[in-house]
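First up is the structure itself, then whatever we jot down about it.
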Amino acid sequence: MSQESDGISLAPLGLPGEALRREAALARIDALTAQQVYITNVEVFLKSTHGKIEYSYEGWEAHDYEPNDPVEEMKYASAEARKYVASFITDEDGEPIFRFTVRNKDVYLDALE
């Protein structure tokens with residue numbers, strides 16, 4: 001039995017990279033958070049049963065905070081992104097797949113200075 005890849009190319013939409021199925025997306029969020037790389041944005045696409053990829057026009061974005069502890073705010077944002085992916089449902093036909101925008105701790109802290 002062959003296993004289908006978790007990553008789905010977004011090239012048919014003219015976008016670089018790939019989107020991930022839900023379980024792979026959740027695992028990626030966990031792995032990135034462990035490396036102090038945090039999710040700032042989640043885009044949702046839909047993959048039809050025929051393999052066509054479409055925009056869903058749904059997504060999640062971290063709020064711009066003026067945090068007391070920037071790293072804690074970044075961890076919170078990733079936790080919220082994880083909740084969003086885990087609980088995402090749509091009335092549209094197709095399997096939701098997810099793409100992230102990320103920020104690492106050093107880049108975030110440098111931007112605050």
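Following the order of the structure tokens, first chain is A, next is B, and so on, with residues numbered from 1 inside each chain and ligands from 1 in the order they appear.
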
Shell around region 34-37 of chain A at 7 Å using only C-alpha atoms, local window under 4 positions removed, as a count of residues only: 5

For region 88-95 of chain A: contacts at 8 Å, only C-alpha atoms, fewer than 3 positions along chain excluded, given as a list in words: Arg21, Leu46, Lys47, Ser48, Thr49, Tyr84 and Val85 of chain A

CA of Leu15 (chain A) to CA of Arg82 (chain A), straight-line distance in Å: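 Taking CA of Arg82 (chain A) as the start and CA of Leu15 (chain A) as the end point, the length is 22.8 Å.
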
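Counting only C-alpha atoms, Val44 (chain A) has the following residues at most 9 Å away, ignoring those fewer than 5 positions along the same chain: Ala19, Tyr55, Ser56, Tyr57, Glu58, Gly59, Trp60, Val85, Pro96, Ile97, Phe98 and Arg99 of chain A.
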
Using N, CA and C atoms, can you write the selected residues to a file as a CSV table (one decimal), in the first residue's frame?
```csv
chain,number,residue,atom,x,y,z
A,19,ALA,N,1.4,23.0,1.1
A,19,ALA,CA,0.5,23.0,2.2
A,19,ALA,C,0.5,21.6,2.8
A,55,TYR,N,-8.1,28.1,-3.3
A,55,TYR,CA,-8.1,28.9,-2.1
A,55,TYR,C,-9.4,28.7,-1.3
A,56,SER,N,-9.3,28.8,0.0
A,56,SER,CA,-10.5,28.7,0.8
A,56,SER,C,-10.9,30.1,1.3
A,57,TYR,N,-10.0,31.1,1.2
A,57,TYR,CA,-10.2,32.4,1.7
A,57,TYR,C,-10.4,32.4,3.2
A,58,GLU,N,-9.9,31.4,3.9
A,58,GLU,CA,-10.0,31.3,5.3
A,58,GLU,C,-8.6,31.2,5.9
A,59,GLY,N,-8.4,31.6,7.1
A,59,GLY,CA,-7.1,31.5,7.7
A,59,GLY,C,-7.1,32.2,9.1
A,60,TRP,N,-5.9,32.2,9.7
A,60,TRP,CA,-5.8,32.7,11.0
A,60,TRP,C,-4.5,33.6,11.0
A,85,VAL,N,-5.9,25.0,13.5
A,85,VAL,CA,-5.7,23.9,12.6
A,85,VAL,C,-6.4,22.7,13.1
A,96,PRO,N,-9.2,20.2,3.9
A,96,PRO,CA,-8.4,21.4,4.2
A,96,PRO,C,-6.9,21.0,4.3
A,97,ILE,N,-6.1,21.9,3.7
A,97,ILE,CA,-4.6,21.8,3.8
A,97,ILE,C,-4.1,23.1,4.2
A,98,PHE,N,-3.0,23.2,4.9
A,98,PHE,CA,-2.6,24.4,5.7
A,98,PHE,C,-1.2,24.8,5.3
A,99,ARG,N,-1.0,26.1,5.1
A,99,ARG,CA,0.4,26.6,4.9
A,99,ARG,C,0.6,27.7,6.0
```

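In this structure, CA of Glu73 (chain A) sits 23.7 Å away from CA of Ala24 (chain A).
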
Alpha helix (DSSP H) per DSSP on the backbone: members of chain A, as a PyMOL selection string: chain A and resi 22-34+70-87+105-112

Point-to-point distance in Å for CA of Gly17 (chain A) and CA of Asn41 (chain A):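 Answer for the CA of Asn41 (chain A) to CA of Gly17 (chain A) separation: 14.9 Å.
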
Strand (DSSP E) call set, DSSP backbone run, chain A, as a PyMOL selection string: chain A and resi 7-9+18-21+37-47+53-61+95-104

Can I get the selected residues back with N, CA and C atoms, as a CSV table (one decimal), in the first residue's frame?
```
chain,number,residue,atom,x,y,z
A,7,GLY,N,2.7,16.6,2.2
A,7,GLY,CA,2.8,17.9,1.6
A,7,GLY,C,2.2,18.0,0.2
A,8,ILE,N,1.5,19.1,0.0
A,8,ILE,CA,0.8,19.2,-1.3
A,8,ILE,C,1.3,20.5,-2.0
A,9,SER,N,1.9,20.4,-3.2
A,9,SER,CA,2.4,21.5,-3.9
A,9,SER,C,1.4,22.6,-4.2
A,18,GLU,N,4.5,24.3,-0.2
A,18,GLU,CA,3.5,23.4,-0.2
A,18,GLU,C,2.6,23.6,1.1
A,19,ALA,N,1.4,23.0,1.1
A,19,ALA,CA,0.5,23.0,2.2
A,19,ALA,C,0.5,21.6,2.8
A,20,LEU,N,0.1,21.5,4.0
A,20,LEU,CA,0.2,20.2,4.7
A,20,LEU,C,-1.2,19.8,5.2
A,21,ARG,N,-1.4,18.5,5.1
A,21,ARG,CA,-2.6,17.9,5.7
A,21,ARG,C,-2.7,18.2,7.2
A,37,VAL,N,10.6,28.4,16.7
A,37,VAL,CA,10.1,29.1,15.5
A,37,VAL,C,8.6,29.0,15.7
A,38,TYR,N,8.0,30.2,15.6
A,38,TYR,CA,6.6,30.3,15.9
A,38,TYR,C,5.7,30.7,14.7
A,39,ILE,N,4.5,30.3,14.8
A,39,ILE,CA,3.5,30.5,13.7
A,39,ILE,C,2.9,31.9,13.8
A,40,THR,N,2.9,32.7,12.8
A,40,THR,CA,2.3,34.0,12.8
A,40,THR,C,1.0,34.1,11.9
A,41,ASN,N,0.9,33.1,11.0
A,41,ASN,CA,-0.2,33.1,10.0
A,41,ASN,C,-0.5,31.7,9.5
A,42,VAL,N,-1.7,31.4,9.4
A,42,VAL,CA,-2.1,30.1,8.8
A,42,VAL,C,-3.0,30.4,7.6
A,43,GLU,N,-2.7,29.9,6.4
A,43,GLU,CA,-3.6,30.0,5.3
A,43,GLU,C,-4.2,28.6,5.0
A,44,VAL,N,-5.5,28.6,4.6
A,44,VAL,CA,-6.2,27.3,4.4
A,44,VAL,C,-6.5,27.2,2.9
A,45,PHE,N,-6.2,26.1,2.4
A,45,PHE,CA,-6.5,25.7,1.0
A,45,PHE,C,-7.4,24.5,1.1
A,46,LEU,N,-8.1,24.2,0.0
A,46,LEU,CA,-8.9,23.0,-0.1
A,46,LEU,C,-8.4,22.1,-1.3
A,47,LYS,N,-8.3,20.8,-1.0
A,47,LYS,CA,-7.9,19.9,-2.0
A,47,LYS,C,-9.1,19.0,-2.3
A,53,ILE,N,-6.4,22.0,-6.2
A,53,ILE,CA,-6.2,22.8,-5.1
A,53,ILE,C,-6.9,24.2,-5.3
A,54,GLU,N,-7.6,24.6,-4.3
A,54,GLU,CA,-8.2,25.9,-4.4
A,54,GLU,C,-8.0,26.7,-3.1
A,55,TYR,N,-8.1,28.1,-3.3
A,55,TYR,CA,-8.1,28.9,-2.1
A,55,TYR,C,-9.4,28.7,-1.3
A,56,SER,N,-9.3,28.8,0.0
A,56,SER,CA,-10.5,28.7,0.8
A,56,SER,C,-10.9,30.1,1.3
A,57,TYR,N,-10.0,31.1,1.2
A,57,TYR,CA,-10.2,32.4,1.7
A,57,TYR,C,-10.4,32.4,3.2
A,58,GLU,N,-9.9,31.4,3.9
A,58,GLU,CA,-10.0,31.3,5.3
A,58,GLU,C,-8.6,31.2,5.9
A,59,GLY,N,-8.4,31.6,7.1
A,59,GLY,CA,-7.1,31.5,7.7
A,59,GLY,C,-7.1,32.2,9.1
A,60,TRP,N,-5.9,32.2,9.7
A,60,TRP,CA,-5.8,32.7,11.0
A,60,TRP,C,-4.5,33.6,11.0
A,61,GLU,N,-4.5,34.6,11.8
A,61,GLU,CA,-3.4,35.5,11.9
A,61,GLU,C,-3.2,35.9,13.3
A,95,GLU,N,-10.7,18.6,1.2
A,95,GLU,CA,-9.9,18.4,2.4
A,95,GLU,C,-9.1,19.7,2.7
A,96,PRO,N,-9.2,20.2,3.9
A,96,PRO,CA,-8.4,21.4,4.2
A,96,PRO,C,-6.9,21.0,4.3
A,97,ILE,N,-6.1,21.9,3.7
A,97,ILE,CA,-4.6,21.8,3.8
A,97,ILE,C,-4.1,23.1,4.2
A,98,PHE,N,-3.0,23.2,4.9
A,98,PHE,CA,-2.6,24.4,5.7
A,98,PHE,C,-1.2,24.8,5.3
A,99,ARG,N,-1.0,26.1,5.1
A,99,ARG,CA,0.4,26.6,4.9
A,99,ARG,C,0.6,27.7,6.0
A,100,PHE,N,1.9,27.8,6.5
A,100,PHE,CA,2.2,28.7,7.6
A,100,PHE,C,3.1,29.8,7.2
A,101,THR,N,3.0,30.9,7.9
A,101,THR,CA,4.1,31.9,7.9
A,101,THR,C,4.7,31.8,9.3
A,102,VAL,N,6.0,31.8,9.4
A,102,VAL,CA,6.7,31.6,10.7
A,102,VAL,C,7.6,32.7,11.0
A,103,ARG,N,8.0,32.8,12.3
A,103,ARG,CA,9.0,33.8,12.7
A,103,ARG,C,9.8,33.1,13.8
A,104,ASN,N,11.1,33.2,13.7
A,104,ASN,CA,11.9,32.7,14.8
A,104,ASN,C,12.2,33.7,15.9
```

Pick from A:Leu10, A:Ala62, A:Val71, A:Ala81 nearest to Arg28 (chain A), counting only C-alpha atoms: A:Ala81
